[in-house]
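Next up, final-v7.cif (mmCIF, C-alpha atoms):
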data_target
#
loop_
_atom_site.group_PDB
_atom_site.id
_atom_site.type_symbol
_atom_site.label_atom_id
_atom_site.label_comp_id
_atom_site.auth_asym_id
_atom_site.auth_seq_id
_atom_site.Cartn_x
_atom_site.Cartn_y
_atom_site.Cartn_z
ATOM 1 C CA MET A 529 0.000 0.000 0.000
ATOM 2 C CA THR A 530 1.329 3.426 -0.876
ATOM 3 C CA SER A 531 1.628 5.958 1.908
ATOM 4 C CA ALA A 532 2.295 9.165 -0.066
ATOM 5 C CA LEU A 533 1.723 10.848 -3.421
ATOM 6 C CA ARG A 534 4.331 12.533 -5.591
ATOM 7 C CA THR A 535 2.557 15.304 -7.518
ATOM 8 C CA PRO A 536 3.663 16.445 -10.991
ATOM 9 C CA ALA A 537 6.598 18.842 -11.214
ATOM 10 C CA VAL A 538 6.562 19.647 -14.948
ATOM 11 C CA ALA A 539 2.975 19.097 -16.149
ATOM 12 C CA GLY A 540 1.963 21.966 -18.408
ATOM 13 C CA ARG A 541 5.610 22.654 -19.273
ATOM 14 C CA PHE A 542 7.321 19.499 -20.551
ATOM 15 C CA TYR A 543 4.000 17.959 -21.593
ATOM 16 C CA PRO A 544 0.314 19.027 -21.646
ATOM 17 C CA GLY A 545 -1.284 19.552 -18.253
ATOM 18 C CA ARG A 546 -4.805 18.523 -19.325
ATOM 19 C CA ALA A 547 -5.554 14.812 -19.508
ATOM 20 C CA ASP A 548 -7.294 14.849 -22.894
ATOM 21 C CA ASP A 549 -4.557 16.954 -24.499
ATOM 22 C CA LEU A 550 -1.846 14.782 -22.966
ATOM 23 C CA LEU A 551 -3.408 11.510 -24.096
ATOM 24 C CA ARG A 552 -3.846 12.875 -27.607
ATOM 25 C CA GLU A 553 -0.198 13.915 -27.757
ATOM 26 C CA VAL A 554 1.118 10.616 -26.372
ATOM 27 C CA ARG A 555 -0.971 8.643 -28.862
ATOM 28 C CA LYS A 556 0.307 10.829 -31.688
ATOM 29 C CA TYR A 557 3.919 10.095 -30.784
ATOM 30 C CA ALA A 558 3.408 6.431 -29.846
ATOM 31 C CA ALA A 559 0.991 5.166 -32.466
ATOM 32 C CA ALA A 560 1.036 1.353 -32.669
ATOM 33 C CA THR A 561 3.186 -0.029 -35.480
ATOM 34 C CA ALA A 562 1.945 -2.521 -38.058
ATOM 35 C CA GLY A 563 4.435 -5.147 -36.924
ATOM 36 C CA GLY A 564 3.042 -5.307 -33.398
ATOM 37 C CA ARG A 565 4.857 -4.831 -30.114
ATOM 38 C CA ILE A 566 7.851 -6.865 -28.944
ATOM 39 C CA SER A 567 8.785 -8.031 -25.466
ATOM 40 C CA ALA A 568 11.813 -6.095 -24.204
ATOM 41 C CA ILE A 569 13.992 -6.384 -21.119
ATOM 42 C CA GLY A 570 15.209 -2.808 -21.178
ATOM 43 C CA CYS A 571 15.230 0.421 -23.147
ATOM 44 C CA VAL A 572 16.661 3.923 -23.341
ATOM 45 C CA ALA A 573 14.159 6.766 -23.809
ATOM 46 C CA PRO A 574 14.688 10.551 -23.705
ATOM 47 C CA HIS A 575 13.111 12.937 -21.209
ATOM 48 C CA ALA A 576 13.012 16.424 -22.730
ATOM 49 C CA GLY A 577 9.868 18.378 -23.482
ATOM 50 C CA TYR A 578 7.654 16.321 -25.762
ATOM 51 C CA VAL A 579 7.929 18.844 -28.604
ATOM 52 C CA TYR A 580 11.642 17.985 -28.783
ATOM 53 C CA SER A 581 11.970 14.348 -27.750
ATOM 54 C CA GLY A 582 8.420 12.975 -27.866
ATOM 55 C CA GLY A 583 8.936 11.463 -31.299
ATOM 56 C CA VAL A 584 11.949 9.471 -30.115
ATOM 57 C CA ALA A 585 10.299 8.330 -26.876
ATOM 58 C CA GLY A 586 7.182 7.443 -28.828
ATOM 59 C CA ALA A 587 9.182 5.328 -31.265
ATOM 60 C CA VAL A 588 10.424 3.247 -28.329
ATOM 61 C CA TYR A 589 7.113 2.864 -26.545
ATOM 62 C CA SER A 590 5.138 2.134 -29.717
ATOM 63 C CA ALA A 591 7.438 -0.808 -30.439
ATOM 64 C CA ILE A 592 7.418 -2.619 -27.068
ATOM 65 C CA GLU A 593 4.941 -4.221 -24.733
ATOM 66 C CA ILE A 594 4.597 -2.356 -21.444
ATOM 67 C CA PRO A 595 4.288 -4.819 -18.551
ATOM 68 C CA GLU A 596 2.623 -3.926 -15.271
ATOM 69 C CA ARG A 597 6.013 -3.746 -13.530
ATOM 70 C CA CYS A 598 8.526 -1.097 -14.681
ATOM 71 C CA VAL A 599 11.791 0.050 -13.123
ATOM 72 C CA ILE A 600 12.640 3.600 -14.228
ATOM 73 C CA LEU A 601 16.206 4.821 -13.729
ATOM 74 C CA CYS A 602 17.008 8.487 -14.210
ATOM 75 C CA PRO A 603 19.802 10.997 -13.607
ATOM 76 C CA ASN A 604 19.533 13.431 -10.725
ATOM 77 C CA HIS A 605 19.462 16.808 -12.485
ATOM 78 C CA THR A 606 18.708 18.821 -9.355
ATOM 79 C CA GLY A 607 21.578 17.589 -7.185
ATOM 80 C CA LYS A 608 19.178 17.182 -4.271
ATOM 81 C CA GLY A 609 18.791 14.125 -2.071
ATOM 82 C CA ARG A 610 20.769 10.916 -1.885
ATOM 83 C CA ALA A 611 23.137 9.655 -4.578
ATOM 84 C CA LEU A 612 20.987 6.550 -5.122
ATOM 85 C CA ALA A 613 17.385 7.358 -4.263
ATOM 86 C CA VAL A 614 14.231 5.265 -4.561
ATOM 87 C CA MET A 615 10.641 5.946 -3.531
ATOM 88 C CA ALA A 616 9.431 2.491 -2.554
ATOM 89 C CA ASN A 617 5.974 3.333 -1.207
ATOM 90 C CA THR A 618 4.951 6.491 -3.042
ATOM 91 C CA ALA A 619 2.419 6.707 -5.869
ATOM 92 C CA TRP A 620 3.108 9.167 -8.683
ATOM 93 C CA GLN A 621 0.441 11.427 -10.113
ATOM 94 C CA THR A 622 0.189 12.684 -13.687
ATOM 95 C CA PRO A 623 -2.756 14.272 -15.507
ATOM 96 C CA LEU A 624 -3.664 10.721 -16.603
ATOM 97 C CA GLY A 625 -4.063 9.505 -13.010
ATOM 98 C CA GLU A 626 -1.996 7.819 -10.330
ATOM 99 C CA VAL A 627 0.773 5.270 -10.860
ATOM 100 C CA ALA A 628 1.223 2.830 -7.981
ATOM 101 C CA ALA A 629 4.524 2.105 -6.292
ATOM 102 C CA ASP A 630 5.948 -1.387 -6.757
ATOM 103 C CA ALA A 631 6.805 -1.779 -3.097
ATOM 104 C CA GLU A 632 7.490 -5.508 -3.444
ATOM 105 C CA LEU A 633 10.281 -5.137 -5.989
ATOM 106 C CA ALA A 634 11.629 -1.948 -4.397
ATOM 107 C CA THR A 635 11.893 -3.623 -0.983
ATOM 108 C CA ARG A 636 13.745 -6.600 -2.428
ATOM 109 C CA LEU A 637 16.167 -4.240 -4.128
ATOM 110 C CA LEU A 638 16.728 -2.180 -0.980
ATOM 111 C CA ASP A 639 17.491 -5.382 0.930
ATOM 112 C CA ARG A 640 20.076 -6.414 -1.675
ATOM 113 C CA PHE A 641 21.800 -3.074 -2.200
ATOM 114 C CA PRO A 642 22.183 -0.946 0.947
ATOM 115 C CA ALA A 643 23.724 1.969 -0.992
ATOM 116 C CA LEU A 644 20.250 2.527 -2.430
ATOM 117 C CA GLU A 645 18.183 4.600 -0.010
ATOM 118 C CA GLU A 646 14.550 5.581 0.414
ATOM 119 C CA ASP A 647 14.544 9.318 -0.341
ATOM 120 C CA SER A 648 11.916 11.674 -1.751
ATOM 121 C CA GLY A 649 14.195 14.705 -1.959
ATOM 122 C CA ALA A 650 15.970 13.502 -5.093
ATOM 123 C CA HIS A 651 12.624 12.982 -6.858
ATOM 124 C CA ARG A 652 10.513 15.953 -5.803
ATOM 125 C CA SER A 653 11.534 18.328 -8.609
ATOM 126 C CA GLU A 654 13.140 15.806 -10.976
ATOM 127 C CA HIS A 655 11.483 15.569 -14.399
ATOM 128 C CA ALA A 656 13.269 12.604 -15.978
ATOM 129 C CA ILE A 657 10.989 9.875 -14.606
ATOM 130 C CA GLU A 658 7.815 11.932 -14.667
ATOM 131 C CA VAL A 659 7.885 12.524 -18.430
ATOM 132 C CA GLN A 660 8.083 8.774 -19.109
ATOM 133 C CA LEU A 661 4.918 7.987 -17.161
ATOM 134 C CA PRO A 662 2.194 9.181 -19.574
ATOM 135 C CA PHE A 663 3.657 6.993 -22.345
ATOM 136 C CA LEU A 664 3.526 4.016 -19.995
ATOM 137 C CA GLN A 665 0.088 4.842 -18.578
ATOM 138 C CA ALA A 666 -1.430 5.110 -22.048
ATOM 139 C CA GLN A 667 -0.528 1.462 -22.695
ATOM 140 C CA GLN A 668 -0.640 -0.131 -19.244
ATOM 141 C CA PRO A 669 -3.510 0.841 -16.899
ATOM 142 C CA LYS A 670 -2.161 -1.454 -14.148
ATOM 143 C CA LEU A 671 1.285 0.157 -14.165
ATOM 144 C CA LYS A 672 3.413 0.102 -11.012
ATOM 145 C CA ILE A 673 6.926 1.491 -10.835
ATOM 146 C CA VAL A 674 10.235 1.445 -9.001
ATOM 147 C CA PRO A 675 11.606 4.987 -9.532
ATOM 148 C CA ILE A 676 15.352 5.374 -8.962
ATOM 149 C CA ALA A 677 17.311 8.641 -9.287
ATOM 150 C CA ILE A 678 21.059 8.239 -9.771
ATOM 151 C CA GLY A 679 23.537 10.948 -8.786
ATOM 152 C CA THR A 680 26.815 9.023 -8.902
ATOM 153 C CA ARG A 681 29.328 8.411 -11.708
ATOM 154 C CA ASP A 682 31.141 5.596 -9.861
ATOM 155 C CA PHE A 683 31.212 2.621 -12.234
ATOM 156 C CA ASP A 684 31.513 -0.013 -9.518
ATOM 157 C CA VAL A 685 28.452 1.388 -7.750
ATOM 158 C CA LEU A 686 26.468 1.492 -11.005
ATOM 159 C CA ARG A 687 27.479 -2.059 -11.872
ATOM 160 C CA GLY A 688 26.597 -3.209 -8.366
ATOM 161 C CA LEU A 689 23.143 -1.679 -8.582
ATOM 162 C CA GLY A 690 22.608 -3.351 -11.946
ATOM 163 C CA GLY A 691 23.564 -6.723 -10.521
ATOM 164 C CA ALA A 692 21.285 -6.317 -7.521
ATOM 165 C CA LEU A 693 18.427 -5.198 -9.762
ATOM 166 C CA ALA A 694 18.830 -8.247 -11.974
ATOM 167 C CA GLU A 695 18.750 -10.532 -8.920
ATOM 168 C CA ALA A 696 15.637 -8.882 -7.499
ATOM 169 C CA VAL A 697 13.789 -9.008 -10.824
ATOM 170 C CA ALA A 698 14.796 -12.633 -11.476
ATOM 171 C CA ASP A 699 13.720 -13.730 -8.010
ATOM 172 C CA LEU A 700 10.308 -12.164 -8.434
ATOM 173 C CA GLU A 701 9.817 -13.665 -11.889
ATOM 174 C CA GLU A 702 10.880 -17.108 -10.662
ATOM 175 C CA SER A 703 8.365 -16.908 -7.825
ATOM 176 C CA GLY A 704 5.562 -16.261 -10.291
ATOM 177 C CA GLY A 705 5.663 -12.472 -10.452
ATOM 178 C CA GLU A 706 5.234 -10.414 -13.590
ATOM 179 C CA LYS A 707 8.186 -9.681 -15.824
ATOM 180 C CA ALA A 708 9.728 -6.225 -15.547
ATOM 181 C CA LEU A 709 10.813 -3.603 -18.047
ATOM 182 C CA ILE A 710 13.918 -1.614 -17.063
ATOM 183 C CA ILE A 711 13.878 1.919 -18.489
ATOM 184 C CA ALA A 712 16.927 4.190 -18.605
ATOM 185 C CA SER A 713 15.707 7.775 -18.911
ATOM 186 C CA SER A 714 18.400 9.735 -20.719
ATOM 187 C CA ASP A 715 19.064 12.474 -23.216
ATOM 188 C CA MET A 716 22.335 12.378 -25.113
ATOM 189 C CA ASN A 717 24.984 15.082 -25.656
ATOM 190 C CA HIS A 718 24.005 18.619 -24.626
ATOM 191 C CA TYR A 719 24.480 22.112 -26.077
ATOM 192 C CA GLU A 720 27.178 21.580 -28.653
ATOM 193 C CA SER A 721 26.825 21.877 -32.408
ATOM 194 C CA GLU A 722 24.803 19.405 -34.439
ATOM 195 C CA ALA A 723 27.963 17.930 -35.967
ATOM 196 C CA ILE A 724 29.791 17.501 -32.651
ATOM 197 C CA THR A 725 26.707 16.138 -30.914
ATOM 198 C CA ARG A 726 26.037 13.551 -33.619
ATOM 199 C CA PHE A 727 29.698 12.519 -33.551
ATOM 200 C CA LYS A 728 29.814 12.155 -29.760
ATOM 201 C CA ASP A 729 26.416 10.490 -29.579
ATOM 202 C CA GLY A 730 27.469 8.006 -32.223
ATOM 203 C CA LYS A 731 30.315 6.847 -30.001
ATOM 204 C CA ALA A 732 28.026 6.411 -26.989
ATOM 205 C CA ILE A 733 25.258 4.713 -28.984
ATOM 206 C CA GLU A 734 27.787 2.282 -30.454
ATOM 207 C CA ARG A 735 28.661 1.065 -26.943
ATOM 208 C CA VAL A 736 24.999 0.769 -25.942
ATOM 209 C CA LEU A 737 24.218 -1.267 -29.058
ATOM 210 C CA ALA A 738 27.170 -3.514 -28.195
ATOM 211 C CA MET A 739 25.615 -3.848 -24.718
ATOM 212 C CA ASP A 740 28.975 -2.799 -23.310
ATOM 213 C CA ALA A 741 28.243 -1.067 -20.001
ATOM 214 C CA ARG A 742 31.899 -0.533 -19.143
ATOM 215 C CA GLY A 743 32.650 0.697 -22.643
ATOM 216 C CA LEU A 744 29.809 3.219 -22.433
ATOM 217 C CA TRP A 745 31.130 4.535 -19.129
ATOM 218 C CA GLU A 746 34.652 4.802 -20.546
ATOM 219 C CA VAL A 747 33.702 6.592 -23.756
ATOM 220 C CA VAL A 748 31.481 9.085 -21.916
ATOM 221 C CA MET A 749 34.378 9.906 -19.601
ATOM 222 C CA ARG A 750 37.084 9.932 -22.278
ATOM 223 C CA GLU A 751 35.178 11.933 -24.907
ATOM 224 C CA ASP A 752 33.448 14.293 -22.441
ATOM 225 C CA ILE A 753 29.989 13.300 -23.673
ATOM 226 C CA SER A 754 27.291 15.089 -21.663
ATOM 227 C CA MET A 755 24.846 12.159 -21.790
ATOM 228 C CA CYS A 756 22.966 12.915 -18.580
ATOM 229 C CA GLY A 757 21.591 9.398 -18.109
ATOM 230 C CA PHE A 758 24.710 7.373 -18.832
ATOM 231 C CA GLY A 759 24.642 6.103 -15.233
ATOM 232 C CA PRO A 760 21.071 4.811 -15.542
ATOM 233 C CA THR A 761 22.005 3.289 -18.900
ATOM 234 C CA VAL A 762 25.011 1.492 -17.362
ATOM 235 C CA VAL A 763 22.699 0.070 -14.678
ATOM 236 C CA MET A 764 20.083 -0.968 -17.233
ATOM 237 C CA LEU A 765 22.605 -2.661 -19.529
ATOM 238 C CA THR A 766 24.217 -4.500 -16.626
ATOM 239 C CA ALA A 767 20.883 -5.797 -15.361
ATOM 240 C CA ALA A 768 19.532 -6.617 -18.817
ATOM 241 C CA LYS A 769 22.526 -8.751 -19.760
ATOM 242 C CA LEU A 770 22.263 -10.690 -16.489
ATOM 243 C CA LEU A 771 18.570 -11.221 -17.240
ATOM 244 C CA GLY A 772 19.406 -12.761 -20.616
ATOM 245 C CA ALA A 773 19.320 -9.850 -23.063
ATOM 246 C CA THR A 774 21.327 -10.527 -26.210
ATOM 247 C CA SER A 775 20.706 -7.568 -28.530
ATOM 248 C CA ALA A 776 20.063 -3.844 -28.632
ATOM 249 C CA THR A 777 18.453 -1.865 -31.450
ATOM 250 C CA LEU A 778 18.444 1.863 -32.172
ATOM 251 C CA VAL A 779 14.874 2.702 -33.169
ATOM 252 C CA LYS A 780 15.261 6.468 -33.596
ATOM 253 C CA TYR A 781 17.766 9.283 -33.163
ATOM 254 C CA ALA A 782 17.088 13.013 -33.390
ATOM 255 C CA THR A 783 18.359 16.347 -32.116
ATOM 256 C CA SER A 784 16.587 19.425 -30.802
ATOM 257 C CA GLY A 785 17.847 21.350 -33.806
ATOM 258 C CA GLU A 786 15.342 19.559 -36.018
ATOM 259 C CA VAL A 787 12.573 21.309 -34.063
ATOM 260 C CA SER A 788 14.177 24.587 -32.965
ATOM 261 C CA GLY A 789 16.182 25.278 -36.107
ATOM 262 C CA ASP A 790 19.185 26.091 -33.897
ATOM 263 C CA TYR A 791 21.990 23.755 -34.939
ATOM 264 C CA GLU A 792 24.707 25.523 -32.945
ATOM 265 C CA ALA A 793 23.629 24.253 -29.502
ATOM 266 C CA VAL A 794 21.569 21.065 -29.730
ATOM 267 C CA VAL A 795 20.614 18.177 -27.475
ATOM 268 C CA GLY A 796 20.651 14.637 -28.838
ATOM 269 C CA TYR A 797 17.944 12.030 -28.235
ATOM 270 C CA ALA A 798 18.287 8.272 -28.781
ATOM 271 C CA GLY A 799 15.631 5.584 -28.483
ATOM 272 C CA ILE A 800 17.079 2.107 -27.943
ATOM 273 C CA ILE A 801 15.409 -1.241 -27.216
ATOM 274 C CA VAL A 802 17.238 -4.068 -25.418
ATOM 275 C CA GLN A 803 15.863 -7.613 -25.677
#

structure tokens encoding of this file:
Amino acid sequence: MTSALRTPAVAGRFYPGRADDLLREVRKYAAATAGGRISAIGCVAPHAGYVYSGGVAGAVYSAIEIPERCVILCPNHTGKGRALAVMANTAWQTPLGEVAADAELATRLLDRFPALEEDSGAHRSEHAIEVQLPFLQAQQPKLKIVPIAIGTRDFDVLRGLGGALAEAVADLEESGGEKALIIASSDMNHYESEAITRFKDGKAIERVLAMDARGLWEVVMREDISMCGFGPTVVMLTAAKLLGATSATLVKYATSGEVSGDYEAVVGYAGIIVQ
């Protein structure tokens, strides 16, 4: 049972604040494809305002089945709260309604990985999980989530969290629980030219498609790629491989310049499915 409610921080700014307008926009970006939806273990989806990144997020969510149980990993943009912060018993509200907390999975993960802490401060003003929720709600009315904000760049910590997450998910599935989708909420390189951003993003995407968590961490550090959710992506890739994932596919890439017309300082967006 949830004991609290996290209210929207960016409704009416990053996405429409009215339910009917929001549902219309989500369905526009995430229209079902003719080939049907596939079962995925993980994915990478962007978290900017929908006018910029909605098409990329929609390409991901229109291609995959959304199970009832989702783990959403995001960067901590605000710098508030704990370095690894989960809200295990808090429902999240969007204009489309409330999303329940997956307390069962969150508790198992907290038991396995003590560096992860229950903390609302890291989530209160953070947008990177919130903007994913309407896409998920539109497909899965029984959605429940484990929201985790990540504010560390330490590879060993990220790998450890990924391993613990894989164990917790596998244990639940083996005991008859629903399968889980692990979502890494991330934009790509920030505020450099279109050419530089595409070049840097190509290097990072190459490592994600190779399902090389360590390689992604190394190239982000070496090439100074401002991929805000590389930590969540390292965790997702680590967990997904342990859960049996064997391939990753880039479904769409875009930059903010395609919408704004400003190609001197763009943000990159990649949509990737891991299965």

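The space separating CA of Ala560 (chain A) from CA of Tyr589 (chain A) comes to 8.8 Å.
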
For the provided coordinates, the residues matched by the PyMOL selection byres ((chain A and resi 755-761) around 10) should be stated as a VMD selection string. chain A and resid 570 to 575 600 to 605 656 676 to 683 685 to 687 689 to 690 710 to 718 728 to 729 732 736 739 741 744 to 745 748 752 to 754 762 to 767 795 to 797

Between CA of Ala782 (chain A) and CA of Gly563 (chain A), what is the spacing in Å? 22.4 Å

Separation of CA of Ala539 (chain A) from CA of Ala619 (chain A) in Å: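 Atom-to-atom, CA of Ala619 (chain A) and CA of Ala539 (chain A) are spaced 16.1 Å apart.
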
I'd like to see the residues matched by the PyMOL selection byres ((chain A and resi 627-642) around 9) on this file, and ideally I'd get them as a PyMOL selection string. chain A and resi 529-530+597-599+614-622+625-626+643-646+661+665+669-675+688-689+692-693+695-697+700

Just the residues within 9 Å of Ala591 (chain A), please, counting all atoms listed in the file, with nothing from its chain fewer than 3 positions along; format it as JSON, numbers by chain. {"A": [558, 560, 561, 563, 564, 565, 566, 567, 586, 587, 588, 779, 801]}

Atoms to include: C-alpha atoms. Write the selected residues as an mmCIF file, keeping the file's coordinate frame.
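Output contents, as saved in out-v4.cif:
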data_model
loop_
_atom_site.group_PDB
_atom_site.id
_atom_site.type_symbol
_atom_site.label_atom_id
_atom_site.label_comp_id
_atom_site.auth_asym_id
_atom_site.auth_seq_id
_atom_site.Cartn_x
_atom_site.Cartn_y
_atom_site.Cartn_z
ATOM 1 C CA ALA A 558 3.408 6.431 -29.846
ATOM 2 C CA ALA A 560 1.036 1.353 -32.669
ATOM 3 C CA THR A 561 3.186 -0.029 -35.480
ATOM 4 C CA GLY A 563 4.435 -5.147 -36.924
ATOM 5 C CA GLY A 564 3.042 -5.307 -33.398
ATOM 6 C CA ARG A 565 4.857 -4.831 -30.114
ATOM 7 C CA ILE A 566 7.851 -6.865 -28.944
ATOM 8 C CA SER A 567 8.785 -8.031 -25.466
ATOM 9 C CA GLY A 586 7.182 7.443 -28.828
ATOM 10 C CA ALA A 587 9.182 5.328 -31.265
ATOM 11 C CA VAL A 588 10.424 3.247 -28.329
ATOM 12 C CA VAL A 779 14.874 2.702 -33.169
ATOM 13 C CA ILE A 801 15.409 -1.241 -27.216
#

Residue IDs satisfying the PyMOL selection byres ((chain A and resi 655) around 8), as a tab-separated table (two decimals) with C-alpha atoms, in the coordinates of the input:
chain	number	residue	atom	x	y	z
A	537	ALA	CA	6.60	18.84	-11.21
A	538	VAL	CA	6.56	19.65	-14.95
A	575	HIS	CA	13.11	12.94	-21.21
A	653	SER	CA	11.53	18.33	-8.61
A	654	GLU	CA	13.14	15.81	-10.98
A	656	ALA	CA	13.27	12.60	-15.98
A	657	ILE	CA	10.99	9.88	-14.61
A	658	GLU	CA	7.82	11.93	-14.67
A	659	VAL	CA	7.88	12.52	-18.43

Could you write region 772-795 of chain A as a tab-separated table (two decimals), in the coordinates of the input, with N, CA and C atoms rebuilt where they are missing?
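Writing done, so here's rebuild.tsv:
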chain	number	residue	atom	x	y	z
A	772	GLY	N	19.46	-11.99	-19.37
A	772	GLY	CA	19.41	-12.76	-20.62
A	772	GLY	C	19.30	-11.97	-21.90
A	773	ALA	N	19.39	-10.66	-21.84
A	773	ALA	CA	19.32	-9.85	-23.06
A	773	ALA	C	20.52	-10.15	-23.96
A	774	THR	N	20.27	-10.19	-25.26
A	774	THR	CA	21.33	-10.53	-26.21
A	774	THR	C	21.49	-9.51	-27.33
A	775	SER	N	20.59	-8.52	-27.43
A	775	SER	CA	20.71	-7.57	-28.53
A	775	SER	C	20.09	-6.22	-28.15
A	776	ALA	N	20.59	-5.19	-28.81
A	776	ALA	CA	20.06	-3.84	-28.63
A	776	ALA	C	19.88	-3.22	-30.00
A	777	THR	N	18.80	-2.45	-30.16
A	777	THR	CA	18.45	-1.86	-31.45
A	777	THR	C	18.16	-0.38	-31.30
A	778	LEU	N	18.77	0.44	-32.13
A	778	LEU	CA	18.44	1.86	-32.17
A	778	LEU	C	17.19	2.04	-33.02
A	779	VAL	N	16.12	2.54	-32.42
A	779	VAL	CA	14.87	2.70	-33.17
A	779	VAL	C	14.72	4.11	-33.72
A	780	LYS	N	15.34	5.10	-33.07
A	780	LYS	CA	15.26	6.47	-33.60
A	780	LYS	C	16.30	7.34	-32.92
A	781	TYR	N	16.85	8.26	-33.69
A	781	TYR	CA	17.77	9.28	-33.16
A	781	TYR	C	17.35	10.63	-33.74
A	782	ALA	N	17.42	11.67	-32.93
A	782	ALA	CA	17.09	13.01	-33.39
A	782	ALA	C	17.83	14.02	-32.52
A	783	THR	N	17.82	15.27	-32.94
A	783	THR	CA	18.36	16.35	-32.12
A	783	THR	C	17.32	17.46	-32.00
A	784	SER	N	17.50	18.31	-31.00
A	784	SER	CA	16.59	19.42	-30.80
A	784	SER	C	16.62	20.41	-31.96
A	785	GLY	N	17.73	20.43	-32.68
A	785	GLY	CA	17.85	21.35	-33.81
A	785	GLY	C	16.81	21.11	-34.88
A	786	GLU	N	16.35	19.88	-35.01
A	786	GLU	CA	15.34	19.56	-36.02
A	786	GLU	C	14.01	20.24	-35.72
A	787	VAL	N	13.80	20.60	-34.46
A	787	VAL	CA	12.57	21.31	-34.06
A	787	VAL	C	12.83	22.81	-33.94
A	788	SER	N	13.92	23.17	-33.26
A	788	SER	CA	14.18	24.59	-32.97
A	788	SER	C	14.78	25.35	-34.14
A	789	GLY	N	15.47	24.62	-35.02
A	789	GLY	CA	16.18	25.28	-36.11
A	789	GLY	C	17.55	25.81	-35.69
A	790	ASP	N	17.88	25.66	-34.41
A	790	ASP	CA	19.18	26.09	-33.90
A	790	ASP	C	20.12	24.89	-33.90
A	791	TYR	N	21.07	24.88	-34.83
A	791	TYR	CA	21.99	23.76	-34.94
A	791	TYR	C	23.35	24.04	-34.29
A	792	GLU	N	23.45	25.17	-33.60
A	792	GLU	CA	24.71	25.52	-32.94
A	792	GLU	C	24.80	24.97	-31.52
A	793	ALA	N	23.65	24.77	-30.88
A	793	ALA	CA	23.63	24.25	-29.50
A	793	ALA	C	22.43	23.31	-29.38
A	794	VAL	N	22.66	22.04	-29.68
A	794	VAL	CA	21.57	21.06	-29.73
A	794	VAL	C	21.70	20.06	-28.59
A	795	VAL	N	20.62	19.34	-28.37
A	795	VAL	CA	20.61	18.18	-27.48
A	795	VAL	C	20.24	16.96	-28.32
